[in-house]
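Visitor: First, the structure itself, so that you have it in front of you.
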Amino acid sequence: MSGVEELLQAVREGRTPQVPALVAALGPAERRACLPELKELRKQVRGEWSKAANARAGALLVAGAGCHAGPAGAATWIGGRDFTGRSWARHPALGEVVGAQPVDWQIEVVTRLAERRGSGWSWELYPLIERVVRRTGCPVPATDAFTTEWLDQLAAGDGRRGWARTLLECLRGDAFTPVLLPRVFELADIGWRFEQRRTDRPGDSWPAAIAGLAEDGVLDRAEVVERCLARLVRGGKPADQRAFLAVMVALAPTPDEYAKQVRGLVALLDGLSVVAGHAQQVLAELDGAGAIDPEVLAEASAVVLFRTEKKLVRAQLGWLDKAARRSPERAGPVVLAAAEAFGHPDTALQERALTVVARHLKAAGEAVLPELRSAAEELNPAHHARAGELLGAPVGGDDPDTGWSELLPPAPAPRPLAEPIATPAEVAEELSALLAAERPGVAVFERTLDGLVRHARLDRAALAEALAPVLRVHPWNGVGRWRDCGPGDVLYVAAAIAGQVDPHQRGTVFRTKGRSPLRGEHNTRYGNVFAARLTEAAERVTADRPPLLLATPTDATGALAAATLVDRLAGYQAAGVEPGEADLHAALLRLTVTADQAVLAAADRLTSPAGRWTARWLREGGLPGRPSERVRFAPGRGVGSRALYQERWWEDLKRICVAQPGLGAGPRGPAGERLGADFRALLEGTEPSVARARQQNEWLWQPTAHWAAVLPHHREELAARWLDWFADSADRERRGAAGLLPVLAEAGGPAGLALHLALAYGLGARFPEDRTAAVDALLVLAARGDLDGALLGRELGVLVAEGTVKPSRLAQALAVAADTGAYGTVWSVLAPALPAVLAGAPVRGTADLVAVAADCARRCAARGPIAEVGEAAARPGTSRLVKEARALRDVLAG
């Protein structure tokens, strides 16, 4: 056997450790002769993940690297994507083959490899590049990928010795440090890496180590301070900002060093709160030492006094006050700067700013009065009287309530779906956009599925040809068992049209013994509905090819107009085609019941079984709605520690729960019982239980707008079933949960206890974006006339009293709603909430909530005493809660 054949045989058998010696025994011509066969073997291995294929891939990687005479070809071979993830790039055999080549060849190869982007949690090419760089002494590649992996290797410790040496000691002894450490300040998403190594030993955290290197002279201290400040000014993720702030604190710049960076410090005032607070403190200290120009104070105030963080605003007003006390000649600029806070949304901060102005107005002189009077118009009406006395002129007019009118956004109009997709090429474009979108909308999914079905009937060959490029980028590999079936699985229908799967032989992907490959073990009830619709569509487009889908909605909420469904059924009847079971059932659940006699008469003329069922469905009003009712959570005794933990967990949360008797079986019961099992499962009743708590708090359980589109006329029932998920946004601080509240607000059906309780949880959510979504839902319900302010207020009062919703978060959300002009709406919610909120011991944020209530009551001219408000106002002392309660009491007394 020749040397070439022996090498190829070793590669086929995956004998990687033997490859370096076999390559070394070949001459240049023999190595070149091996390349065509190696490339062919690589094509065969690509995409195969068996144990034997993995071994062959390692042997291929090493053999190809040794047989390429040119460094460019070798670098391309080694860095190929099909070798990524198999870990063969770390094998000593690859290093042996590369090390046997000329030094110039090695340097060029690793230089090219270092330019490649890292992938995954660990860059597999790093050990090879590091060995060559350290062995040859060539320039250190300061690329992002190489620098990031160098950081990770340092965080991992000293190999077998673990963390025997501190991070500072490791960095001191590493020749890469002077080159790569300055690059760290330019990397994005680096903050979490700074947390990988943090012990109590001196110099064993990244901030301490960097500061130590600057002290030792390994790094230029002035350069490090400048780079760190520049990185903070650049911004980025909060974790990055906090990490580099920690570095700055560890460096502990002197006042002289900070004085050289004043412009950068001022720029930081507009950044992350904790970073802005540090910059503010440093600037205030520099100002107290006379190390900066007085104009910096006014510039800093113009930035900080518009921020929402109360701590920063209070600190800025305190800085202004101290500056005027130290130097009375600066009183004029100080009071004008403090007046910037007159427009702040927090009335307590407005009062504090007014106090600063009052304290230094005499020293400022009368020249500042015109500007102060103009700025005072932004004050809350509660402060108009004091401002008028202070400034010597009325502020805000004689009657602040004159001319008030409620401002609400227009009620959202129906958003009809666009016309059906016209050509196969457009279907492929829509499918590609859907698969690329992180959260495809209901309209995009429904139009794409409908387009696939329509054009499969018109010209399946042309549609398959148009879909081919999309399927090459997004091949169908089956729905994962780790996720729910969803809109992205419309790809299964496209793959069936292209002949890439046989939808009539179920279970071929996961060997599921007759089950659809779309039914993974993690499917929710809504995922099962998706699976039923998509599986049926895939089967029919390759068999009887229906003309269209009945369940394609006519509105973006998922609603289906009755006239449209009747017309579609008439078309099916005329063509002699029976509709699919899942398609018909989905259409009935979406059907908008109508009293239009022409539509009902057209439905009565249908003679097919599906047509007669639809006519009866319309005549009898569709699915009956069910009201929610408050229940007590009584989990009982489960089996195992998980159940007992869930019981204790619910007891601690003190959640308000609702129960739903279920939607019933449909018109007169028996007609609706013909719905398939997947669709009947959506209509079952619900009540709080350990099992439901466990299910709805799994990370896979994520309601979407597509779930709401399944039952677009039953938002109350959907809210009852998703209530635990909404509650998580308040008491378990789940992010994104409240994003569906606007979807439910725009949907159809009554808005009862469950929907209002879900909205209450959303208004008290942990994250601002969730509270914003809840505010949007609140305004939509109010604009449509569906908001029950008394109901929402009572539920909020109970949630605040039990500690589930924090008053400060609720105050922020309702202040945003009020600022849109919906003062009367917000007052209608707060008035019934205040008795429960004020009945117990006051908690943090209660004063903010009362302040919002006082402002709304004043602007909408609310009148009538509230006993609990009067009791809070009668308490002794001058706490902010007492002052705000007194203000509200006076407003309600007229």
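By order of appearance in the structure tokens: chains A, B, ..., then residues from 1 within every chain, and ligands from 1 in the order shown.
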Identify, on the basis of only C-alpha atoms, every residue whose closest approach to Glu13 in chain A does not exceed 12 Å; exclude the query and any residue fewer than 4 positions from it along the same chain; express the result as number ranges by chain.
Guide: A: 6-9, 17-19, 41, 51-60
Visitor: Please produce a file of those selected residues containing all heavy atoms, as a compact mmCIF listing (two decimals), in the first residue's frame.
Guide:
```
# COMPACT_ATOMS: atom_id res chain seq x y z
N GLU A 6 -2.33 4.73 2.25
CA GLU A 6 -2.30 4.49 3.69
C GLU A 6 -2.87 5.67 4.46
O GLU A 6 -3.64 5.50 5.44
CB GLU A 6 -0.86 4.21 4.13
CG GLU A 6 -0.77 3.69 5.56
CD GLU A 6 0.64 3.30 5.94
OE1 GLU A 6 1.54 3.35 5.06
OE2 GLU A 6 0.86 2.97 7.12
N LEU A 7 -2.53 6.90 4.01
CA LEU A 7 -3.08 8.09 4.68
C LEU A 7 -4.59 8.16 4.50
O LEU A 7 -5.33 8.40 5.46
CB LEU A 7 -2.42 9.35 4.12
CG LEU A 7 -3.01 10.69 4.59
CD1 LEU A 7 -2.83 10.84 6.11
CD2 LEU A 7 -2.36 11.86 3.86
N LEU A 8 -5.06 7.92 3.27
CA LEU A 8 -6.50 8.00 3.01
C LEU A 8 -7.25 6.92 3.79
O LEU A 8 -8.37 7.16 4.28
CB LEU A 8 -6.77 7.86 1.51
CG LEU A 8 -6.25 9.02 0.65
CD1 LEU A 8 -6.48 8.73 -0.83
CD2 LEU A 8 -6.92 10.34 1.02
N GLN A 9 -6.65 5.73 3.91
CA GLN A 9 -7.30 4.67 4.68
C GLN A 9 -7.39 5.06 6.16
O GLN A 9 -8.41 4.82 6.81
CB GLN A 9 -6.50 3.38 4.53
CG GLN A 9 -7.14 2.18 5.21
CD GLN A 9 -8.49 1.81 4.61
OE1 GLN A 9 -8.75 2.10 3.43
NE2 GLN A 9 -9.35 1.18 5.38
N PRO A 17 -4.66 10.13 15.59
CA PRO A 17 -3.29 10.23 16.12
C PRO A 17 -2.21 9.74 15.15
O PRO A 17 -1.06 10.15 15.26
CB PRO A 17 -3.35 9.34 17.37
CG PRO A 17 -4.79 9.34 17.78
CD PRO A 17 -5.55 9.35 16.49
N GLN A 18 -2.55 8.85 14.19
CA GLN A 18 -1.57 8.33 13.26
C GLN A 18 -1.34 9.24 12.05
O GLN A 18 -0.39 9.04 11.29
CB GLN A 18 -1.99 6.94 12.78
CG GLN A 18 -2.16 5.92 13.88
CD GLN A 18 -2.68 4.60 13.38
OE1 GLN A 18 -2.62 4.31 12.18
NE2 GLN A 18 -3.22 3.78 14.30
N VAL A 19 -2.23 10.22 11.85
CA VAL A 19 -2.17 11.03 10.63
C VAL A 19 -0.89 11.87 10.54
O VAL A 19 -0.28 11.95 9.47
CB VAL A 19 -3.44 11.91 10.54
CG1 VAL A 19 -3.30 12.95 9.41
CG2 VAL A 19 -4.67 11.05 10.31
N LEU A 41 -14.13 13.25 0.61
CA LEU A 41 -14.49 12.67 1.91
C LEU A 41 -15.14 13.70 2.81
O LEU A 41 -16.06 13.40 3.58
CB LEU A 41 -13.24 12.08 2.58
CG LEU A 41 -12.71 10.77 2.02
CD1 LEU A 41 -11.37 10.44 2.66
CD2 LEU A 41 -13.70 9.65 2.25
N LYS A 51 -20.75 8.68 15.57
CA LYS A 51 -19.43 8.57 16.22
C LYS A 51 -18.34 8.34 15.19
O LYS A 51 -17.25 8.94 15.27
CB LYS A 51 -19.47 7.44 17.23
CG LYS A 51 -18.22 7.32 18.08
CD LYS A 51 -18.37 6.23 19.13
CE LYS A 51 -17.11 6.13 19.99
NZ LYS A 51 -17.26 5.08 21.03
N ALA A 52 -18.61 7.47 14.20
CA ALA A 52 -17.62 7.20 13.16
C ALA A 52 -17.35 8.44 12.31
O ALA A 52 -16.20 8.73 11.96
CB ALA A 52 -18.09 6.04 12.29
N ALA A 53 -18.42 9.17 11.98
CA ALA A 53 -18.23 10.38 11.17
C ALA A 53 -17.44 11.43 11.94
O ALA A 53 -16.62 12.15 11.35
CB ALA A 53 -19.59 10.93 10.76
N ASN A 54 -17.67 11.53 13.22
CA ASN A 54 -16.92 12.49 14.03
C ASN A 54 -15.43 12.15 14.04
O ASN A 54 -14.56 13.01 13.96
CB ASN A 54 -17.47 12.50 15.45
CG ASN A 54 -16.91 13.64 16.27
OD1 ASN A 54 -16.74 14.75 15.77
ND2 ASN A 54 -16.62 13.38 17.54
N ALA A 55 -15.11 10.84 14.13
CA ALA A 55 -13.70 10.43 14.11
C ALA A 55 -13.09 10.73 12.74
O ALA A 55 -11.94 11.19 12.64
CB ALA A 55 -13.60 8.95 14.44
N ARG A 56 -13.82 10.47 11.67
CA ARG A 56 -13.30 10.77 10.32
C ARG A 56 -13.07 12.26 10.15
O ARG A 56 -12.12 12.70 9.49
CB ARG A 56 -14.28 10.27 9.25
CG ARG A 56 -14.24 8.77 9.05
CD ARG A 56 -14.92 8.39 7.73
NE ARG A 56 -16.32 8.73 7.73
CZ ARG A 56 -17.29 7.94 8.17
NH1 ARG A 56 -16.99 6.77 8.71
NH2 ARG A 56 -18.55 8.32 8.12
N ALA A 57 -13.98 13.10 10.75
CA ALA A 57 -13.81 14.55 10.64
C ALA A 57 -12.51 15.01 11.27
O ALA A 57 -11.81 15.87 10.73
CB ALA A 57 -15.00 15.26 11.29
N GLY A 58 -12.14 14.42 12.42
CA GLY A 58 -10.88 14.79 13.04
C GLY A 58 -9.69 14.42 12.20
O GLY A 58 -8.74 15.20 12.02
N ALA A 59 -9.69 13.21 11.64
CA ALA A 59 -8.60 12.79 10.78
C ALA A 59 -8.53 13.64 9.51
O ALA A 59 -7.44 13.99 9.03
CB ALA A 59 -8.78 11.31 10.42
N LEU A 60 -9.70 13.99 8.97
CA LEU A 60 -9.74 14.87 7.78
C LEU A 60 -9.13 16.23 8.08
O LEU A 60 -8.36 16.77 7.27
CB LEU A 60 -11.20 15.05 7.34
CG LEU A 60 -11.74 14.10 6.29
CD1 LEU A 60 -13.24 14.30 6.14
CD2 LEU A 60 -11.05 14.34 4.95
```
Visitor: Residues within 10 Å of Leu723 in chain A, please, as a PyMOL selection string. Count only C-alpha atoms; anything in the same chain fewer than 2 positions from it doesn't count.
Guide: chain A and resi 656-658+688+696+717-721+725-728+754-755+757-759+761
Visitor: Output N, CA, C and O atoms for every residue in the selection just made, as a compact mmCIF listing (two decimals), in the first residue's frame.
Guide:
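Contents of the output file part25.txt:
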```txt
# COMPACT_ATOMS: atom_id res chain seq x y z
N ILE A 656 -54.02 36.57 44.22
CA ILE A 656 -55.46 36.54 43.98
C ILE A 656 -55.68 35.65 42.76
O ILE A 656 -55.00 35.79 41.75
N CYS A 657 -56.60 34.72 42.84
CA CYS A 657 -56.83 33.76 41.76
C CYS A 657 -58.28 33.85 41.29
O CYS A 657 -59.15 34.35 42.00
N VAL A 658 -58.50 33.35 40.08
CA VAL A 658 -59.86 33.28 39.55
C VAL A 658 -60.08 31.88 39.02
O VAL A 658 -59.14 31.14 38.74
N PRO A 688 -57.05 27.61 40.10
CA PRO A 688 -55.66 27.55 40.56
C PRO A 688 -55.34 26.21 41.19
O PRO A 688 -56.13 25.64 41.93
N GLN A 696 -47.48 26.66 34.16
CA GLN A 696 -47.42 28.00 33.61
C GLN A 696 -46.18 28.76 34.04
O GLN A 696 -45.96 29.88 33.58
N GLU A 717 -61.70 34.77 29.02
CA GLU A 717 -61.34 33.39 29.27
C GLU A 717 -59.83 33.17 29.08
O GLU A 717 -59.20 32.42 29.83
N LEU A 718 -59.24 33.83 28.09
CA LEU A 718 -57.80 33.72 27.89
C LEU A 718 -57.05 34.32 29.08
O LEU A 718 -56.05 33.76 29.56
N ALA A 719 -57.51 35.48 29.55
CA ALA A 719 -56.86 36.11 30.70
C ALA A 719 -56.92 35.21 31.93
O ALA A 719 -55.96 35.12 32.71
N ALA A 720 -58.04 34.52 32.13
CA ALA A 720 -58.16 33.61 33.27
C ALA A 720 -57.16 32.47 33.17
O ALA A 720 -56.56 32.05 34.17
N ARG A 721 -56.95 31.96 31.97
CA ARG A 721 -56.04 30.83 31.78
C ARG A 721 -54.57 31.26 31.85
O ARG A 721 -53.71 30.45 32.14
N TRP A 725 -49.27 33.64 34.62
CA TRP A 725 -48.15 34.20 33.83
C TRP A 725 -48.10 35.71 33.99
O TRP A 725 -47.03 36.29 34.15
N PHE A 726 -49.25 36.37 33.97
CA PHE A 726 -49.27 37.82 34.20
C PHE A 726 -48.85 38.16 35.62
O PHE A 726 -48.15 39.15 35.86
N ALA A 727 -49.28 37.35 36.57
CA ALA A 727 -48.91 37.61 37.97
C ALA A 727 -47.40 37.51 38.16
O ALA A 727 -46.83 38.22 39.00
N ASP A 728 -46.75 36.65 37.38
CA ASP A 728 -45.29 36.53 37.49
C ASP A 728 -44.58 37.84 37.22
O ASP A 728 -43.49 38.08 37.73
N ALA A 754 -61.04 38.60 35.37
CA ALA A 754 -59.74 38.04 35.01
C ALA A 754 -58.91 39.04 34.22
O ALA A 754 -57.71 39.23 34.49
N LEU A 755 -59.52 39.69 33.26
CA LEU A 755 -58.77 40.66 32.44
C LEU A 755 -58.34 41.86 33.28
O LEU A 755 -57.20 42.34 33.16
N LEU A 757 -57.83 41.88 36.50
CA LEU A 757 -56.80 41.44 37.44
C LEU A 757 -55.46 41.28 36.73
O LEU A 757 -54.41 41.63 37.27
N ALA A 758 -55.49 40.75 35.51
CA ALA A 758 -54.25 40.65 34.72
C ALA A 758 -53.66 42.04 34.47
O ALA A 758 -52.45 42.25 34.55
N LEU A 759 -54.53 43.01 34.18
CA LEU A 759 -54.08 44.38 33.97
C LEU A 759 -53.49 44.96 35.25
O LEU A 759 -52.48 45.68 35.21
N TYR A 761 -51.93 43.31 37.64
CA TYR A 761 -50.59 42.75 37.78
C TYR A 761 -49.62 43.46 36.84
O TYR A 761 -48.47 43.73 37.19
```
Visitor: From the set A:Glu366, A:Glu371, A:Glu295, A:Asp489, which residue has the shortest atom-to-atom contact distance to Thr535 in chain A, counting only C-alpha atoms?
Guide: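 Closest to Thr535 in chain A of all the choices is A:Asp489.
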Visitor: Can you tell me how far CA of Phe342 in chain A sits from CA of Glu377 in chain A, in Å to one decimal?
Guide: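 So the two atoms, CA of Phe342 in chain A and CA of Glu377 in chain A, lie 8.2 Å apart.
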Visitor: Once you count only C-alpha atoms, what closest atom pair and distance in Å to one decimal does each residue of range 127-236 of chain A within 8 Å of range 97-119 of chain A have, with rows by chain and rising residue number, as JSON lines?
Guide:
```
{"residue": "A:Leu128", "atom": "CA", "partner": "A:Val110", "partner_atom": "CA", "distance": 7.8}
{"residue": "A:Ile129", "atom": "CA", "partner": "A:Val110", "partner_atom": "CA", "distance": 5.3}
{"residue": "A:Val132", "atom": "CA", "partner": "A:Gln106", "partner_atom": "CA", "distance": 6.9}
{"residue": "A:Val133", "atom": "CA", "partner": "A:Ile107", "partner_atom": "CA", "distance": 7.5}
{"residue": "A:Thr136", "atom": "CA", "partner": "A:Val103", "partner_atom": "CA", "distance": 7.1}
{"residue": "A:Cys138", "atom": "CA", "partner": "A:Ile107", "partner_atom": "CA", "distance": 6.9}
{"residue": "A:Pro141", "atom": "CA", "partner": "A:Ala114", "partner_atom": "CA", "distance": 6.4}
{"residue": "A:Thr143", "atom": "CA", "partner": "A:Glu115", "partner_atom": "CA", "distance": 6.4}
{"residue": "A:Asp144", "atom": "CA", "partner": "A:Arg117", "partner_atom": "CA", "distance": 7.7}
{"residue": "A:Ala145", "atom": "CA", "partner": "A:Gly118", "partner_atom": "CA", "distance": 5.1}
{"residue": "A:Phe146", "atom": "CA", "partner": "A:Ala114", "partner_atom": "CA", "distance": 6.4}
```
Visitor: Keeping only C-alpha atoms, take the residues you just selected and write them out as a PDB file, in the first residue's frame.
Guide:
```pdb
ATOM      1  CA  LEU A 128      -3.439  26.237  18.094  1.00  0.00           C
ATOM      2  CA  ILE A 129      -2.905  29.952  17.520  1.00  0.00           C
ATOM      3  CA  VAL A 132       2.295  29.043  17.417  1.00  0.00           C
ATOM      4  CA  VAL A 133       2.453  32.652  18.638  1.00  0.00           C
ATOM      5  CA  THR A 136       7.545  31.627  17.113  1.00  0.00           C
ATOM      6  CA  CYS A 138       5.364  36.510  16.089  1.00  0.00           C
ATOM      7  CA  PRO A 141      -3.070  38.840  17.122  1.00  0.00           C
ATOM      8  CA  THR A 143      -8.486  40.478  17.300  1.00  0.00           C
ATOM      9  CA  ASP A 144     -11.766  40.457  19.211  1.00  0.00           C
ATOM     10  CA  ALA A 145     -12.091  36.654  19.121  1.00  0.00           C
ATOM     11  CA  PHE A 146      -8.514  36.005  20.243  1.00  0.00           C
TER      12      PHE A 146
END
```
Visitor: Write out as a ChimeraX atom specification which residues come within 9 Å of Thr552 in chain A when counting only C-alpha atoms, dropping same-chain ones fewer than 5 positions away.
Guide: /A:446-447,449-450,558-560,583,586-587
Visitor: Just write the chosen residues, N, CA, C and O atoms, as a compact mmCIF listing (two decimals), in the first residue's frame.
Guide:
```txt
# COMPACT_ATOMS: atom_id res chain seq x y z
N GLU A 446 -50.58 33.71 9.09
CA GLU A 446 -51.82 33.25 8.46
C GLU A 446 -51.80 33.45 6.94
O GLU A 446 -52.24 32.58 6.19
N ARG A 447 -51.25 34.57 6.49
CA ARG A 447 -51.19 34.80 5.04
C ARG A 447 -50.20 33.84 4.38
O ARG A 447 -50.42 33.38 3.26
N LEU A 449 -49.37 30.73 5.44
CA LEU A 449 -49.98 29.40 5.39
C LEU A 449 -51.06 29.35 4.31
O LEU A 449 -51.13 28.38 3.53
N ASP A 450 -51.87 30.38 4.22
CA ASP A 450 -52.91 30.43 3.19
C ASP A 450 -52.29 30.46 1.80
O ASP A 450 -52.77 29.79 0.88
N GLY A 558 -57.23 37.83 14.69
CA GLY A 558 -57.60 36.44 14.49
C GLY A 558 -59.08 36.25 14.21
O GLY A 558 -59.51 35.13 13.92
N ALA A 559 -59.86 37.32 14.27
CA ALA A 559 -61.30 37.21 14.03
C ALA A 559 -61.58 36.89 12.57
O ALA A 559 -60.87 37.33 11.67
N LEU A 560 -62.65 36.15 12.35
CA LEU A 560 -63.06 35.74 11.00
C LEU A 560 -64.49 36.20 10.77
O LEU A 560 -65.41 35.81 11.50
N ASP A 583 -59.19 22.58 10.10
CA ASP A 583 -59.41 23.89 9.48
C ASP A 583 -60.80 24.42 9.82
O ASP A 583 -60.96 25.59 10.19
N ALA A 586 -61.01 25.34 13.65
CA ALA A 586 -60.32 26.60 13.93
C ALA A 586 -61.14 27.78 13.43
O ALA A 586 -61.20 28.84 14.08
N ALA A 587 -61.78 27.63 12.28
CA ALA A 587 -62.60 28.71 11.73
C ALA A 587 -63.79 29.00 12.63
O ALA A 587 -64.13 30.17 12.86
```
Visitor: Which residues are near Arg90 in chain A? Cut-off 8 Å, only C-alpha atoms, ignore same chain within fewer than 4 positions. Put them as a PDB file with N, CA, C and O atoms, in the first residue's frame.
Guide:
```pdb
ATOM      1  N   LEU A  94      -3.258  18.063  15.385  1.00  0.00           N
ATOM      2  CA  LEU A  94      -3.285  19.240  14.519  1.00  0.00           C
ATOM      3  C   LEU A  94      -2.091  20.139  14.805  1.00  0.00           C
ATOM      4  O   LEU A  94      -1.435  20.656  13.889  1.00  0.00           O
ATOM      5  N   GLU A 124     -12.467  27.340  19.372  1.00  0.00           N
ATOM      6  CA  GLU A 124     -11.675  26.124  19.291  1.00  0.00           C
ATOM      7  C   GLU A 124     -10.291  26.336  18.690  1.00  0.00           C
ATOM      8  O   GLU A 124      -9.383  25.524  18.899  1.00  0.00           O
ATOM      9  N   LEU A 125     -10.133  27.375  17.917  1.00  0.00           N
ATOM     10  CA  LEU A 125      -8.837  27.601  17.266  1.00  0.00           C
ATOM     11  C   LEU A 125      -7.820  28.269  18.181  1.00  0.00           C
ATOM     12  O   LEU A 125      -6.638  28.372  17.830  1.00  0.00           O
ATOM     13  N   PRO A 127      -6.202  27.450  21.100  1.00  0.00           N
ATOM     14  CA  PRO A 127      -4.981  26.752  21.542  1.00  0.00           C
ATOM     15  C   PRO A 127      -3.932  26.633  20.440  1.00  0.00           C
ATOM     16  O   PRO A 127      -2.736  26.787  20.701  1.00  0.00           O
ATOM     17  N   LEU A 128      -4.388  26.346  19.211  1.00  0.00           N
ATOM     18  CA  LEU A 128      -3.439  26.237  18.094  1.00  0.00           C
ATOM     19  C   LEU A 128      -2.736  27.562  17.843  1.00  0.00           C
ATOM     20  O   LEU A 128      -1.500  27.624  17.712  1.00  0.00           O
TER      21      LEU A 128
END
```
Visitor: Residues near Val23 in chain A, anyone? I mean within 9 Å using only C-alpha atoms, not counting same-chain ones fewer than 6 positions away, as number ranges by chain.
Guide: A: 3-4, 7, 31, 63, 66-67, 97
Visitor: Once you have the residues from the selection above, write them out as a PDB file, in the first residue's frame, restricted to C-alpha atoms.
Guide:
```pdb
ATOM      1  CA  GLY A   3       1.838   6.255   1.440  1.00  0.00           C
ATOM      2  CA  VAL A   4      -1.086   8.131  -0.149  1.00  0.00           C
ATOM      3  CA  LEU A   7      -3.080   8.091   4.676  1.00  0.00           C
ATOM      4  CA  ARG A  31       0.350  15.581  -0.516  1.00  0.00           C
ATOM      5  CA  ALA A  63      -4.698  15.484   7.058  1.00  0.00           C
ATOM      6  CA  GLY A  66      -0.815  18.952   6.457  1.00  0.00           C
ATOM      7  CA  CYS A  67      -1.451  18.405   2.750  1.00  0.00           C
ATOM      8  CA  VAL A  97       1.119  18.817  11.727  1.00  0.00           C
TER       9      VAL A  97
END
```
Visitor: Identify which of the residues A:Ala466, A:Ala737, A:Ala382, A:Ala331 lies closest to Gly396 in chain A, counting only C-alpha atoms when measuring atom-to-atom distances.
Guide: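 Looking at the shortest contact to Gly396 in chain A, the residue is A:Ala382.
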Visitor: Fewer than 2 positions away in the same chain doesn't count, so skip those; otherwise give me all residues within 10 Å of Arg880 in chain A, counting only C-alpha atoms, as a ChimeraX atom specification.
Guide: /A:348,846-848,850-851,877-878,882-886
Visitor: Might you pull out every residue within 8 Å of Ser729 in chain A, with only C-alpha atoms counted and same-chain residues fewer than 5 positions away left off, and present them as a list in words?
Guide: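 Contacts, with the query itself left out: Arg734, Arg735, Gly736, Ala737, Ala738, Tyr761, Gly762, Gly764, Ala765, Arg766, Phe767 and Asp770 of chain A.
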Visitor: Check the smallest atom-to-atom distance from each of A:Ala496, A:Leu452, A:Ala893, A:Leu683 to Leu548 in chain A using only C-alpha atoms, then report the winner.
Guide: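 With only C-alpha atoms as the atom set, the closest residue is A:Leu452.
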Visitor: If you measure from CA of Leu272 in chain A to CA of Leu740 in chain A, what distance in Å do you get, rounded to one decimal?
Guide: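 Distance between the two atoms: 28.0 Å.
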Visitor: Counting only C-alpha atoms, which residues of range 683-794 of chain A sit at most 6 Å from some atom of range 798-814 of chain A, and what is each one's closest atom pair with its distance in Å to one decimal, listed by chain and rising residue number, as a Markdown table?
Guide:
```
| residue | atom | partner | partner_atom | distance |
| --- | --- | --- | --- | --- |
| A:Asp731 | CA | A:Thr804 | CA | 5.7 |
| A:Leu763 | CA | A:Leu810 | CA | 5.6 |
| A:Gly764 | CA | A:Leu810 | CA | 4.9 |
| A:Arg771 | CA | A:Ala813 | CA | 5.8 |
```
Visitor: With all heavy atoms retained, could you export that selection as a PDB file, in the first residue's frame?
Guide:
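Just written: out-v6.pdb:
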```pdb
ATOM      1  N   ASP A 731     -44.878  39.564  40.962  1.00  0.00           N
ATOM      2  CA  ASP A 731     -44.320  38.979  42.184  1.00  0.00           C
ATOM      3  C   ASP A 731     -43.168  38.017  41.933  1.00  0.00           C
ATOM      4  O   ASP A 731     -42.512  37.586  42.875  1.00  0.00           O
ATOM      5  CB  ASP A 731     -45.411  38.286  43.010  1.00  0.00           C
ATOM      6  CG  ASP A 731     -46.161  37.218  42.231  1.00  0.00           C
ATOM      7  OD1 ASP A 731     -45.610  36.690  41.253  1.00  0.00           O
ATOM      8  OD2 ASP A 731     -47.303  36.898  42.607  1.00  0.00           O
ATOM      9  N   LEU A 763     -49.758  46.545  35.659  1.00  0.00           N
ATOM     10  CA  LEU A 763     -49.446  47.906  36.105  1.00  0.00           C
ATOM     11  C   LEU A 763     -48.441  47.911  37.248  1.00  0.00           C
ATOM     12  O   LEU A 763     -47.783  48.920  37.485  1.00  0.00           O
ATOM     13  CB  LEU A 763     -50.737  48.603  36.534  1.00  0.00           C
ATOM     14  CG  LEU A 763     -51.712  48.945  35.407  1.00  0.00           C
ATOM     15  CD1 LEU A 763     -53.042  49.430  35.981  1.00  0.00           C
ATOM     16  CD2 LEU A 763     -51.129  49.995  34.466  1.00  0.00           C
ATOM     17  N   GLY A 764     -48.316  46.799  37.958  1.00  0.00           N
ATOM     18  CA  GLY A 764     -47.333  46.694  39.038  1.00  0.00           C
ATOM     19  C   GLY A 764     -46.141  45.840  38.662  1.00  0.00           C
ATOM     20  O   GLY A 764     -45.440  45.350  39.542  1.00  0.00           O
ATOM     21  N   ARG A 771     -44.711  47.597  32.298  1.00  0.00           N
ATOM     22  CA  ARG A 771     -45.688  48.582  32.792  1.00  0.00           C
ATOM     23  C   ARG A 771     -46.198  49.455  31.643  1.00  0.00           C
ATOM     24  O   ARG A 771     -47.381  49.823  31.613  1.00  0.00           O
ATOM     25  CB  ARG A 771     -45.043  49.443  33.877  1.00  0.00           C
ATOM     26  CG  ARG A 771     -44.685  48.670  35.134  1.00  0.00           C
ATOM     27  CD  ARG A 771     -44.445  49.601  36.310  1.00  0.00           C
ATOM     28  NE  ARG A 771     -43.295  50.472  36.109  1.00  0.00           N
ATOM     29  CZ  ARG A 771     -42.049  50.175  36.468  1.00  0.00           C
ATOM     30  NH1 ARG A 771     -41.793  48.990  37.017  1.00  0.00           N
ATOM     31  NH2 ARG A 771     -41.063  51.024  36.278  1.00  0.00           N
TER      32      ARG A 771
END
```
Visitor: Write down as a count of residues only the residues belonging to range 516-635 of chain A that are assigned alpha helix (DSSP H) by DSSP computed on the backbone.
Guide: 60
